[in-house]
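A.B. asks: Next comes the structure file entry06.tsv, holding TSV, N, CA, C and O atoms.
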chain	number	residue	atom	x	y	z
A	1	MET	N	14.31	-6.00	15.58
A	1	MET	CA	13.50	-5.91	14.38
A	1	MET	C	14.44	-5.60	13.21
A	1	MET	O	14.96	-4.51	13.11
A	2	PRO	N	14.65	-6.56	12.33
A	2	PRO	CA	15.55	-6.33	11.21
A	2	PRO	C	14.91	-5.46	10.13
A	2	PRO	O	13.73	-5.56	9.84
A	3	ALA	N	15.73	-4.58	9.56
A	3	ALA	CA	15.30	-3.73	8.44
A	3	ALA	C	16.09	-4.18	7.21
A	3	ALA	O	17.30	-4.41	7.30
A	4	HIS	N	15.39	-4.30	6.08
A	4	HIS	CA	16.03	-4.77	4.85
A	4	HIS	C	15.52	-3.98	3.66
A	4	HIS	O	14.33	-3.70	3.58
A	5	PRO	N	16.44	-3.65	2.72
A	5	PRO	CA	15.97	-3.03	1.47
A	5	PRO	C	15.04	-4.01	0.75
A	5	PRO	O	15.20	-5.22	0.84
A	6	VAL	N	14.06	-3.48	0.02
A	6	VAL	CA	13.14	-4.31	-0.74
A	6	VAL	C	13.78	-4.57	-2.10
A	6	VAL	O	14.12	-3.63	-2.82
A	7	PRO	N	13.98	-5.86	-2.47
A	7	PRO	CA	14.61	-6.18	-3.75
A	7	PRO	C	13.87	-5.52	-4.92
A	7	PRO	O	12.65	-5.53	-4.98
A	8	GLU	N	14.63	-4.92	-5.83
A	8	GLU	CA	14.15	-4.27	-7.04
A	8	GLU	C	13.30	-3.02	-6.76
A	8	GLU	O	12.72	-2.45	-7.68
A	9	GLU	N	13.20	-2.60	-5.50
A	9	GLU	CA	12.51	-1.35	-5.14
A	9	GLU	C	13.35	-0.68	-4.06
A	9	GLU	O	12.95	-0.57	-2.91
A	10	GLU	N	14.54	-0.22	-4.45
A	10	GLU	CA	15.54	0.27	-3.51
A	10	GLU	C	15.08	1.46	-2.68
A	10	GLU	O	15.65	1.77	-1.64
A	11	GLN	N	14.03	2.17	-3.13
A	11	GLN	CA	13.55	3.32	-2.37
A	11	GLN	C	12.80	2.88	-1.11
A	11	GLN	O	12.50	3.70	-0.25
A	12	PHE	N	12.51	1.59	-0.96
A	12	PHE	CA	11.79	1.07	0.19
A	12	PHE	C	12.71	0.30	1.12
A	12	PHE	O	13.58	-0.44	0.67
A	13	THR	N	12.50	0.47	2.42
A	13	THR	CA	13.15	-0.34	3.44
A	13	THR	C	12.04	-1.00	4.25
A	13	THR	O	11.19	-0.31	4.82
A	14	ALA	N	12.01	-2.34	4.26
A	14	ALA	CA	10.99	-3.08	4.99
A	14	ALA	C	11.42	-3.26	6.44
A	14	ALA	O	12.57	-3.58	6.72
A	15	LEU	N	10.50	-3.01	7.36
A	15	LEU	CA	10.75	-3.19	8.79
A	15	LEU	C	9.98	-4.44	9.23
A	15	LEU	O	8.80	-4.36	9.60
A	16	HIS	N	10.64	-5.57	9.13
A	16	HIS	CA	10.00	-6.85	9.41
A	16	HIS	C	9.62	-6.98	10.89
A	16	HIS	O	10.38	-6.60	11.77
A	17	ARG	N	8.42	-7.46	11.12
A	17	ARG	CA	7.88	-7.72	12.46
A	17	ARG	C	7.67	-6.46	13.28
A	17	ARG	O	7.52	-6.54	14.49
A	18	ALA	N	7.65	-5.28	12.66
A	18	ALA	CA	7.40	-4.04	13.40
A	18	ALA	C	5.95	-3.97	13.87
A	18	ALA	O	5.67	-3.49	14.96
A	19	LEU	N	5.03	-4.42	13.05
A	19	LEU	CA	3.61	-4.46	13.38
A	19	LEU	C	3.11	-5.87	13.10
A	19	LEU	O	3.06	-6.28	11.95
A	20	PRO	N	2.74	-6.63	14.12
A	20	PRO	CA	2.31	-8.02	13.92
A	20	PRO	C	1.19	-8.13	12.88
A	20	PRO	O	0.19	-7.42	12.96
A	21	GLY	N	1.40	-8.98	11.90
A	21	GLY	CA	0.39	-9.21	10.88
A	21	GLY	C	0.36	-8.20	9.76
A	21	GLY	O	-0.41	-8.35	8.82
A	22	LEU	N	1.17	-7.15	9.84
A	22	LEU	CA	1.19	-6.12	8.80
A	22	LEU	C	2.61	-5.96	8.25
A	22	LEU	O	3.58	-6.26	8.93
A	23	ILE	N	2.70	-5.45	7.05
A	23	ILE	CA	4.00	-5.14	6.46
A	23	ILE	C	4.21	-3.63	6.61
A	23	ILE	O	3.36	-2.84	6.24
A	24	LEU	N	5.33	-3.24	7.19
A	24	LEU	CA	5.67	-1.83	7.37
A	24	LEU	C	6.93	-1.55	6.57
A	24	LEU	O	7.93	-2.25	6.72
A	25	ALA	N	6.87	-0.55	5.72
A	25	ALA	CA	8.04	-0.18	4.92
A	25	ALA	C	8.16	1.34	4.91
A	25	ALA	O	7.16	2.06	4.97
A	26	VAL	N	9.39	1.82	4.85
A	26	VAL	CA	9.69	3.24	4.77
A	26	VAL	C	10.16	3.51	3.35
A	26	VAL	O	10.99	2.78	2.81
A	27	GLN	N	9.63	4.58	2.75
A	27	GLN	CA	9.98	4.93	1.38
A	27	GLN	C	10.74	6.24	1.36
A	27	GLN	O	10.30	7.23	1.95
A	28	ALA	N	11.87	6.26	0.68
A	28	ALA	CA	12.62	7.50	0.47
A	28	ALA	C	11.95	8.27	-0.65
A	28	ALA	O	11.63	7.71	-1.70
A	29	VAL	N	11.70	9.57	-0.44
A	29	VAL	CA	11.06	10.41	-1.45
A	29	VAL	C	11.85	11.70	-1.63
A	29	VAL	O	12.51	12.16	-0.72
A	30	ASP	N	11.78	12.24	-2.82
A	30	ASP	CA	12.41	13.53	-3.11
A	30	ASP	C	11.36	14.63	-2.95
A	30	ASP	O	11.00	15.33	-3.88
A	31	ASP	N	10.86	14.78	-1.74
A	31	ASP	CA	9.79	15.71	-1.45
A	31	ASP	C	9.83	15.95	0.06
A	31	ASP	O	10.65	15.37	0.77
A	32	GLN	N	8.93	16.80	0.56
A	32	GLN	CA	8.90	17.00	2.00
A	32	GLN	C	8.41	15.72	2.69
A	32	GLN	O	7.69	14.92	2.10
A	33	ALA	N	8.84	15.55	3.92
A	33	ALA	CA	8.48	14.35	4.67
A	33	ALA	C	6.98	14.25	4.83
A	33	ALA	O	6.29	15.24	5.06
A	34	ARG	N	6.44	13.05	4.68
A	34	ARG	CA	5.02	12.79	4.85
A	34	ARG	C	4.84	11.30	5.07
A	34	ARG	O	5.78	10.53	4.95
A	35	TYR	N	3.65	10.91	5.38
A	35	TYR	CA	3.36	9.48	5.46
A	35	TYR	C	2.08	9.20	4.68
A	35	TYR	O	1.27	10.09	4.45
A	36	HIS	N	1.94	7.96	4.27
A	36	HIS	CA	0.71	7.55	3.63
A	36	HIS	C	0.48	6.07	3.90
A	36	HIS	O	1.38	5.37	4.34
A	37	LEU	N	-0.71	5.63	3.65
A	37	LEU	CA	-1.11	4.27	3.89
A	37	LEU	C	-1.12	3.52	2.57
A	37	LEU	O	-1.65	4.02	1.58
A	38	ASP	N	-0.53	2.32	2.54
A	38	ASP	CA	-0.65	1.44	1.38
A	38	ASP	C	-1.73	0.42	1.68
A	38	ASP	O	-1.72	-0.20	2.75
A	39	ILE	N	-2.65	0.26	0.77
A	39	ILE	CA	-3.70	-0.74	0.90
A	39	ILE	C	-3.40	-1.84	-0.11
A	39	ILE	O	-3.44	-1.61	-1.33
A	40	GLU	N	-3.10	-3.00	0.41
A	40	GLU	CA	-2.75	-4.14	-0.43
A	40	GLU	C	-4.03	-4.87	-0.85
A	40	GLU	O	-4.90	-5.11	-0.02
A	41	THR	N	-4.13	-5.20	-2.13
A	41	THR	CA	-5.35	-5.82	-2.64
A	41	THR	C	-5.03	-6.80	-3.76
A	41	THR	O	-4.00	-6.68	-4.42
A	42	ASP	N	-5.95	-7.74	-3.96
A	42	ASP	CA	-5.80	-8.65	-5.09
A	42	ASP	C	-6.54	-8.12	-6.33
A	42	ASP	O	-6.55	-8.74	-7.38
A	43	ASP	N	-7.14	-6.91	-6.22
A	43	ASP	CA	-7.81	-6.27	-7.36
A	43	ASP	C	-7.67	-4.75	-7.22
A	43	ASP	O	-8.53	-4.08	-6.64
A	44	VAL	N	-6.58	-4.21	-7.74
A	44	VAL	CA	-6.26	-2.79	-7.59
A	44	VAL	C	-7.36	-1.91	-8.16
A	44	VAL	O	-7.78	-0.93	-7.53
A	45	GLU	N	-7.87	-2.23	-9.34
A	45	GLU	CA	-8.88	-1.38	-9.97
A	45	GLU	C	-10.19	-1.37	-9.17
A	45	GLU	O	-10.80	-0.32	-8.98
A	46	ALA	N	-10.62	-2.54	-8.68
A	46	ALA	CA	-11.87	-2.59	-7.90
A	46	ALA	C	-11.72	-1.83	-6.59
A	46	ALA	O	-12.63	-1.10	-6.18
A	47	GLU	N	-10.59	-1.98	-5.91
A	47	GLU	CA	-10.38	-1.27	-4.64
A	47	GLU	C	-10.28	0.23	-4.88
A	47	GLU	O	-10.79	1.04	-4.10
A	48	THR	N	-9.66	0.63	-5.99
A	48	THR	CA	-9.58	2.05	-6.34
A	48	THR	C	-10.98	2.62	-6.55
A	48	THR	O	-11.31	3.68	-6.02
A	49	ARG	N	-11.81	1.91	-7.31
A	49	ARG	CA	-13.19	2.37	-7.52
A	49	ARG	C	-13.95	2.47	-6.20
A	49	ARG	O	-14.69	3.43	-5.97
A	50	ARG	N	-13.77	1.49	-5.30
A	50	ARG	CA	-14.46	1.51	-4.01
A	50	ARG	C	-14.06	2.73	-3.20
A	50	ARG	O	-14.91	3.43	-2.65
A	51	LEU	N	-12.76	3.03	-3.15
A	51	LEU	CA	-12.29	4.17	-2.38
A	51	LEU	C	-12.73	5.50	-3.00
A	51	LEU	O	-13.08	6.45	-2.29
A	52	ILE	N	-12.75	5.59	-4.32
A	52	ILE	CA	-13.24	6.79	-4.99
A	52	ILE	C	-14.72	6.99	-4.67
A	52	ILE	O	-15.16	8.12	-4.43
A	53	SER	N	-15.48	5.90	-4.62
A	53	SER	CA	-16.91	6.04	-4.29
A	53	SER	C	-17.12	6.54	-2.86
A	53	SER	O	-18.17	7.07	-2.53
A	54	LEU	N	-16.09	6.38	-2.01
A	54	LEU	CA	-16.16	6.85	-0.62
A	54	LEU	C	-15.60	8.26	-0.46
A	54	LEU	O	-15.53	8.77	0.65
A	55	GLY	N	-15.16	8.88	-1.58
A	55	GLY	CA	-14.71	10.26	-1.51
A	55	GLY	C	-13.25	10.51	-1.82
A	55	GLY	O	-12.81	11.66	-1.86
A	56	ALA	N	-12.46	9.46	-2.07
A	56	ALA	CA	-11.06	9.65	-2.43
A	56	ALA	C	-10.97	10.19	-3.87
A	56	ALA	O	-11.89	10.02	-4.67
A	57	VAL	N	-9.83	10.82	-4.17
A	57	VAL	CA	-9.59	11.37	-5.51
A	57	VAL	C	-8.26	10.81	-6.02
A	57	VAL	O	-7.25	10.84	-5.30
A	58	GLU	N	-8.26	10.30	-7.25
A	58	GLU	CA	-7.02	9.77	-7.82
A	58	GLU	C	-6.07	10.91	-8.12
A	58	GLU	O	-6.46	11.92	-8.72
A	59	VAL	N	-4.79	10.76	-7.69
A	59	VAL	CA	-3.79	11.80	-7.95
A	59	VAL	C	-2.61	11.29	-8.77
A	59	VAL	O	-1.78	12.07	-9.20
A	60	GLY	N	-2.52	9.97	-8.98
A	60	GLY	CA	-1.42	9.46	-9.79
A	60	GLY	C	-1.38	7.95	-9.85
A	60	GLY	O	-2.07	7.26	-9.11
A	61	ARG	N	-0.54	7.48	-10.76
A	61	ARG	CA	-0.29	6.04	-10.92
A	61	ARG	C	1.20	5.84	-11.09
A	61	ARG	O	1.88	6.66	-11.68
A	62	TRP	N	1.67	4.72	-10.54
A	62	TRP	CA	3.07	4.34	-10.67
A	62	TRP	C	3.12	2.83	-10.71
A	62	TRP	O	2.58	2.15	-9.82
A	63	LEU	N	3.69	2.29	-11.79
A	63	LEU	CA	3.69	0.85	-12.03
A	63	LEU	C	2.26	0.34	-11.92
A	63	LEU	O	1.39	0.83	-12.60
A	64	GLU	N	2.00	-0.63	-11.03
A	64	GLU	CA	0.65	-1.18	-10.86
A	64	GLU	C	-0.10	-0.52	-9.70
A	64	GLU	O	-1.16	-1.00	-9.31
A	65	CYS	N	0.45	0.55	-9.16
A	65	CYS	CA	-0.11	1.19	-7.96
A	65	CYS	C	-0.90	2.45	-8.34
A	65	CYS	O	-0.58	3.13	-9.30
A	66	VAL	N	-1.93	2.75	-7.53
A	66	VAL	CA	-2.74	3.95	-7.73
A	66	VAL	C	-2.65	4.78	-6.45
A	66	VAL	O	-2.85	4.26	-5.35
A	67	THR	N	-2.31	6.06	-6.59
A	67	THR	CA	-2.25	6.96	-5.45
A	67	THR	C	-3.52	7.79	-5.41
A	67	THR	O	-3.92	8.38	-6.41
A	68	LEU	N	-4.15	7.80	-4.22
A	68	LEU	CA	-5.38	8.54	-4.00
A	68	LEU	C	-5.18	9.53	-2.87
A	68	LEU	O	-4.34	9.31	-2.00
A	69	ARG	N	-5.96	10.61	-2.87
A	69	ARG	CA	-6.00	11.52	-1.73
A	69	ARG	C	-7.33	11.29	-1.04
A	69	ARG	O	-8.39	11.44	-1.64
A	70	ALA	N	-7.25	10.89	0.23
A	70	ALA	CA	-8.45	10.64	1.03
A	70	ALA	C	-9.13	11.97	1.34
A	70	ALA	O	-8.49	13.03	1.27
A	71	PRO	N	-10.41	11.94	1.69
A	71	PRO	CA	-11.11	13.20	2.01
A	71	PRO	C	-10.41	14.05	3.06
A	71	PRO	O	-10.48	15.27	3.02
A	72	GLY	N	-9.69	13.42	4.00
A	72	GLY	CA	-8.97	14.17	5.03
A	72	GLY	C	-7.65	14.74	4.57
A	72	GLY	O	-6.96	15.43	5.32
A	73	GLY	N	-7.24	14.44	3.32
A	73	GLY	CA	-6.01	14.99	2.76
A	73	GLY	C	-4.83	14.05	2.72
A	73	GLY	O	-3.85	14.33	2.05
A	74	HIS	N	-4.87	12.93	3.43
A	74	HIS	CA	-3.75	11.99	3.42
A	74	HIS	C	-3.70	11.22	2.11
A	74	HIS	O	-4.73	10.97	1.48
A	75	LEU	N	-2.49	10.82	1.75
A	75	LEU	CA	-2.32	9.99	0.56
A	75	LEU	C	-2.50	8.52	0.92
A	75	LEU	O	-2.09	8.08	1.99
A	76	VAL	N	-3.10	7.80	0.00
A	76	VAL	CA	-3.33	6.36	0.13
A	76	VAL	C	-2.88	5.73	-1.17
A	76	VAL	O	-3.26	6.20	-2.25
A	77	CYS	N	-2.06	4.69	-1.10
A	77	CYS	CA	-1.67	3.97	-2.30
A	77	CYS	C	-2.34	2.61	-2.30
A	77	CYS	O	-2.28	1.87	-1.32
A	78	VAL	N	-3.00	2.29	-3.40
A	78	VAL	CA	-3.61	0.98	-3.59
A	78	VAL	C	-2.58	0.16	-4.37
A	78	VAL	O	-2.20	0.54	-5.48
A	79	ILE	N	-2.12	-0.93	-3.75
A	79	ILE	CA	-1.02	-1.70	-4.33
A	79	ILE	C	-1.43	-3.16	-4.52
A	79	ILE	O	-2.27	-3.67	-3.78
A	80	PRO	N	-0.83	-3.84	-5.51
A	80	PRO	CA	-1.11	-5.26	-5.67
A	80	PRO	C	-0.48	-6.06	-4.53
A	80	PRO	O	0.39	-5.55	-3.81
A	81	CYS	N	-0.91	-7.29	-4.38
A	81	CYS	CA	-0.42	-8.15	-3.29
A	81	CYS	C	1.09	-8.23	-3.26
A	81	CYS	O	1.73	-8.45	-4.29
A	82	HIS	N	1.65	-8.02	-2.07
A	82	HIS	CA	3.06	-8.21	-1.82
A	82	HIS	C	3.27	-9.25	-0.72
A	82	HIS	O	4.35	-9.77	-0.54
A	83	SER	N	2.24	-9.49	0.06
A	83	SER	CA	2.33	-10.43	1.19
A	83	SER	C	2.43	-11.87	0.70
A	83	SER	O	2.04	-12.18	-0.43
A	84	ASP	N	2.88	-12.72	1.58
A	84	ASP	CA	2.81	-14.15	1.36
A	84	ASP	C	1.35	-14.50	1.09
A	84	ASP	O	0.46	-14.02	1.80
A	85	PRO	N	1.04	-15.28	0.04
A	85	PRO	CA	-0.35	-15.57	-0.31
A	85	PRO	C	-1.18	-16.15	0.84
A	85	PRO	O	-2.34	-15.79	1.01
A	86	GLU	N	-0.60	-17.00	1.64
A	86	GLU	CA	-1.32	-17.60	2.76
A	86	GLU	C	-1.68	-16.53	3.81
A	86	GLU	O	-2.78	-16.51	4.35
A	87	THR	N	-0.73	-15.64	4.09
A	87	THR	CA	-0.98	-14.55	5.04
A	87	THR	C	-2.05	-13.62	4.50
A	87	THR	O	-2.97	-13.22	5.22
A	88	PHE	N	-1.96	-13.26	3.22
A	88	PHE	CA	-2.95	-12.39	2.61
A	88	PHE	C	-4.34	-12.99	2.73
A	88	PHE	O	-5.30	-12.34	3.14
A	89	GLU	N	-4.46	-14.26	2.37
A	89	GLU	CA	-5.76	-14.93	2.39
A	89	GLU	C	-6.35	-14.98	3.79
A	89	GLU	O	-7.54	-14.74	3.99
A	90	SER	N	-5.51	-15.24	4.80
A	90	SER	CA	-6.04	-15.38	6.16
A	90	SER	C	-6.34	-14.05	6.83
A	90	SER	O	-7.16	-13.98	7.75
A	91	ARG	N	-5.70	-12.96	6.39
A	91	ARG	CA	-5.86	-11.67	7.09
A	91	ARG	C	-6.59	-10.61	6.27
A	91	ARG	O	-6.90	-9.55	6.79
A	92	SER	N	-6.89	-10.89	5.02
A	92	SER	CA	-7.52	-9.86	4.19
A	92	SER	C	-9.00	-9.71	4.53
A	92	SER	O	-9.64	-10.62	5.06
A	93	GLN	N	-9.53	-8.54	4.21
A	93	GLN	CA	-10.94	-8.22	4.44
A	93	GLN	C	-11.63	-8.13	3.08
A	93	GLN	O	-11.17	-7.40	2.22
A	94	ALA	N	-12.71	-8.86	2.91
A	94	ALA	CA	-13.49	-8.76	1.67
A	94	ALA	C	-14.61	-7.76	1.90
A	94	ALA	O	-15.38	-7.91	2.83
A	95	TRP	N	-14.67	-6.73	1.06
A	95	TRP	CA	-15.72	-5.71	1.16
A	95	TRP	C	-16.82	-6.06	0.18
A	95	TRP	O	-16.58	-6.36	-0.96
A	96	GLU	N	-18.02	-5.98	0.62
A	96	GLU	CA	-19.20	-6.29	-0.23
A	96	GLU	C	-19.71	-5.03	-0.85
A	96	GLU	O	-19.69	-4.00	-0.35
Reformat the file's structure so that it appears as structure tokens.

C.D. replies:
Amino acid sequence: MPAHPVPEEEQFTALHRALPGLILAVQAVDDQARYHLDIETDDVEAETRRLISLGAVEVGRWLECVTLRAPGGHLVCVIPCHSDPETFESRSQAWE
């Protein structure tokens, strides 16, 4: 499984093919070790509103990404599409 730095986002290392059908990346942070889930979407604001309506709380923004704290305390980042468009279209879930 090859690991590669993400171009123009040096704090991330992508682990290609680590999880079939998903993108897995490790982020270097200047904080205590933790993990969080990135939710990739084609509409960051709509997905953020949906998650807030389910109990998440916004804790920050960075570039086009929104960081939320889920009711259980874990961090969740809502991010714009990074996947290959064909892969995103075939594997994404549309919430009504």

A.B. asks: One decimal, in Å: what's the spacing between CA of Gly60 in chain A and atom C of Asp38 in chain A?

C.D. replies: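 CA of Gly60 in chain A sits 14.6 Å away from atom C of Asp38 in chain A.
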
A.B. asks: Using all atoms listed in the file, determine which residues lie at most 8 Å from Glu10 in chain A, disregarding the query and same-chain residues fewer than 4 positions distant; provide the list as a PDB file with N, CA, C and O atoms, in the frame of the given file.

C.D. replies:
ATOM      1  N   HIS A   4      15.390  -4.300   6.080  1.00  0.00           N
ATOM      2  CA  HIS A   4      16.030  -4.770   4.850  1.00  0.00           C
ATOM      3  C   HIS A   4      15.520  -3.980   3.660  1.00  0.00           C
ATOM      4  O   HIS A   4      14.330  -3.700   3.580  1.00  0.00           O
ATOM      5  N   PRO A   5      16.440  -3.650   2.720  1.00  0.00           N
ATOM      6  CA  PRO A   5      15.970  -3.030   1.470  1.00  0.00           C
ATOM      7  C   PRO A   5      15.040  -4.010   0.750  1.00  0.00           C
ATOM      8  O   PRO A   5      15.200  -5.220   0.840  1.00  0.00           O
ATOM      9  N   VAL A   6      14.060  -3.480   0.020  1.00  0.00           N
ATOM     10  CA  VAL A   6      13.140  -4.310  -0.740  1.00  0.00           C
ATOM     11  C   VAL A   6      13.780  -4.570  -2.100  1.00  0.00           C
ATOM     12  O   VAL A   6      14.120  -3.630  -2.820  1.00  0.00           O
ATOM     13  N   VAL A  26       9.390   1.820   4.850  1.00  0.00           N
ATOM     14  CA  VAL A  26       9.690   3.240   4.770  1.00  0.00           C
ATOM     15  C   VAL A  26      10.160   3.510   3.350  1.00  0.00           C
ATOM     16  O   VAL A  26      10.990   2.780   2.810  1.00  0.00           O
ATOM     17  N   GLN A  27       9.630   4.580   2.750  1.00  0.00           N
ATOM     18  CA  GLN A  27       9.980   4.930   1.380  1.00  0.00           C
ATOM     19  C   GLN A  27      10.740   6.240   1.360  1.00  0.00           C
ATOM     20  O   GLN A  27      10.300   7.230   1.950  1.00  0.00           O
ATOM     21  N   ALA A  28      11.870   6.260   0.680  1.00  0.00           N
ATOM     22  CA  ALA A  28      12.620   7.500   0.470  1.00  0.00           C
ATOM     23  C   ALA A  28      11.950   8.270  -0.650  1.00  0.00           C
ATOM     24  O   ALA A  28      11.630   7.710  -1.700  1.00  0.00           O
TER      25      ALA A  28
END

A.B. asks: What gap, in Å, lies between CA of Gln11 in chain A and CA of Cys77 in chain A?

C.D. replies: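 Pair CA of Gln11 in chain A / CA of Cys77 in chain A returns 15.2 Å.
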
A.B. asks: Run DSSP on the backbone and give me the residues of range 49-94 of chain A it puts in strand (DSSP E), as a VMD selection string.

C.D. replies: chain A and resid 57 to 62 65 to 69 75 to 80

A.B. asks: Selection from above, N, CA, C and O atoms, as a PDB file, keeping the file's coordinate frame, can you write it?

C.D. replies:
ATOM      1  N   VAL A  57      -9.830  10.820  -4.170  1.00  0.00           N
ATOM      2  CA  VAL A  57      -9.590  11.370  -5.510  1.00  0.00           C
ATOM      3  C   VAL A  57      -8.260  10.810  -6.020  1.00  0.00           C
ATOM      4  O   VAL A  57      -7.250  10.840  -5.300  1.00  0.00           O
ATOM      5  N   GLU A  58      -8.260  10.300  -7.250  1.00  0.00           N
ATOM      6  CA  GLU A  58      -7.020   9.770  -7.820  1.00  0.00           C
ATOM      7  C   GLU A  58      -6.070  10.910  -8.120  1.00  0.00           C
ATOM      8  O   GLU A  58      -6.460  11.920  -8.720  1.00  0.00           O
ATOM      9  N   VAL A  59      -4.790  10.760  -7.690  1.00  0.00           N
ATOM     10  CA  VAL A  59      -3.790  11.800  -7.950  1.00  0.00           C
ATOM     11  C   VAL A  59      -2.610  11.290  -8.770  1.00  0.00           C
ATOM     12  O   VAL A  59      -1.780  12.070  -9.200  1.00  0.00           O
ATOM     13  N   GLY A  60      -2.520   9.970  -8.980  1.00  0.00           N
ATOM     14  CA  GLY A  60      -1.420   9.460  -9.790  1.00  0.00           C
ATOM     15  C   GLY A  60      -1.380   7.950  -9.850  1.00  0.00           C
ATOM     16  O   GLY A  60      -2.070   7.260  -9.110  1.00  0.00           O
ATOM     17  N   ARG A  61      -0.540   7.480 -10.760  1.00  0.00           N
ATOM     18  CA  ARG A  61      -0.290   6.040 -10.920  1.00  0.00           C
ATOM     19  C   ARG A  61       1.200   5.840 -11.090  1.00  0.00           C
ATOM     20  O   ARG A  61       1.880   6.660 -11.680  1.00  0.00           O
ATOM     21  N   TRP A  62       1.670   4.720 -10.540  1.00  0.00           N
ATOM     22  CA  TRP A  62       3.070   4.340 -10.670  1.00  0.00           C
ATOM     23  C   TRP A  62       3.120   2.830 -10.710  1.00  0.00           C
ATOM     24  O   TRP A  62       2.580   2.150  -9.820  1.00  0.00           O
ATOM     25  N   CYS A  65       0.450   0.550  -9.160  1.00  0.00           N
ATOM     26  CA  CYS A  65      -0.110   1.190  -7.960  1.00  0.00           C
ATOM     27  C   CYS A  65      -0.900   2.450  -8.340  1.00  0.00           C
ATOM     28  O   CYS A  65      -0.580   3.130  -9.300  1.00  0.00           O
ATOM     29  N   VAL A  66      -1.930   2.750  -7.530  1.00  0.00           N
ATOM     30  CA  VAL A  66      -2.740   3.950  -7.730  1.00  0.00           C
ATOM     31  C   VAL A  66      -2.650   4.780  -6.450  1.00  0.00           C
ATOM     32  O   VAL A  66      -2.850   4.260  -5.350  1.00  0.00           O
ATOM     33  N   THR A  67      -2.310   6.060  -6.590  1.00  0.00           N
ATOM     34  CA  THR A  67      -2.250   6.960  -5.450  1.00  0.00           C
ATOM     35  C   THR A  67      -3.520   7.790  -5.410  1.00  0.00           C
ATOM     36  O   THR A  67      -3.920   8.380  -6.410  1.00  0.00           O
ATOM     37  N   LEU A  68      -4.150   7.800  -4.220  1.00  0.00           N
ATOM     38  CA  LEU A  68      -5.380   8.540  -4.000  1.00  0.00           C
ATOM     39  C   LEU A  68      -5.180   9.530  -2.870  1.00  0.00           C
ATOM     40  O   LEU A  68      -4.340   9.310  -2.000  1.00  0.00           O
ATOM     41  N   ARG A  69      -5.960  10.610  -2.870  1.00  0.00           N
ATOM     42  CA  ARG A  69      -6.000  11.520  -1.730  1.00  0.00           C
ATOM     43  C   ARG A  69      -7.330  11.290  -1.040  1.00  0.00           C
ATOM     44  O   ARG A  69      -8.390  11.440  -1.640  1.00  0.00           O
ATOM     45  N   LEU A  75      -2.490  10.820   1.750  1.00  0.00           N
ATOM     46  CA  LEU A  75      -2.320   9.990   0.560  1.00  0.00           C
ATOM     47  C   LEU A  75      -2.500   8.520   0.920  1.00  0.00           C
ATOM     48  O   LEU A  75      -2.090   8.080   1.990  1.00  0.00           O
ATOM     49  N   VAL A  76      -3.100   7.800   0.000  1.00  0.00           N
ATOM     50  CA  VAL A  76      -3.330   6.360   0.130  1.00  0.00           C
ATOM     51  C   VAL A  76      -2.880   5.730  -1.170  1.00  0.00           C
ATOM     52  O   VAL A  76      -3.260   6.200  -2.250  1.00  0.00           O
ATOM     53  N   CYS A  77      -2.060   4.690  -1.100  1.00  0.00           N
ATOM     54  CA  CYS A  77      -1.670   3.970  -2.300  1.00  0.00           C
ATOM     55  C   CYS A  77      -2.340   2.610  -2.300  1.00  0.00           C
ATOM     56  O   CYS A  77      -2.280   1.870  -1.320  1.00  0.00           O
ATOM     57  N   VAL A  78      -3.000   2.290  -3.400  1.00  0.00           N
ATOM     58  CA  VAL A  78      -3.610   0.980  -3.590  1.00  0.00           C
ATOM     59  C   VAL A  78      -2.580   0.160  -4.370  1.00  0.00           C
ATOM     60  O   VAL A  78      -2.200   0.540  -5.480  1.00  0.00           O
ATOM     61  N   ILE A  79      -2.120  -0.930  -3.750  1.00  0.00           N
ATOM     62  CA  ILE A  79      -1.020  -1.700  -4.330  1.00  0.00           C
ATOM     63  C   ILE A  79      -1.430  -3.160  -4.520  1.00  0.00           C
ATOM     64  O   ILE A  79      -2.270  -3.670  -3.780  1.00  0.00           O
ATOM     65  N   PRO A  80      -0.830  -3.840  -5.510  1.00  0.00           N
ATOM     66  CA  PRO A  80      -1.110  -5.260  -5.670  1.00  0.00           C
ATOM     67  C   PRO A  80      -0.480  -6.060  -4.530  1.00  0.00           C
ATOM     68  O   PRO A  80       0.390  -5.550  -3.810  1.00  0.00           O
TER      69      PRO A  80
END

A.B. asks: When you draw a straight line from atom C of Glu40 in chain A to atom C of Ala25 in chain A, how long is it in Å?

C.D. replies: 14.8 Å

A.B. asks: Could you tell me which of A:Gly21, A:Gly73, A:Pro80, A:Pro85 comes closest to Ile39 in chain A if we count all atoms listed in the file?

C.D. replies: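 So, comparing all the options, the nearest one is A:Pro80.
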
A.B. asks: If you run DSSP on this backbone, which residues of range 48-95 of chain A come out as helix (DSSP H, G or I), and could you give them as a ChimeraX atom specification?

C.D. replies: /A:48-53,85-91

A.B. asks: Which residues are close to Trp62 in chain A, i.e. within 7 Å by all atoms listed in the file, leaving aside same-chain residues fewer than 4 positions away? Reply as a PyMOL selection string.

C.D. replies: chain A and resi 66-67+78
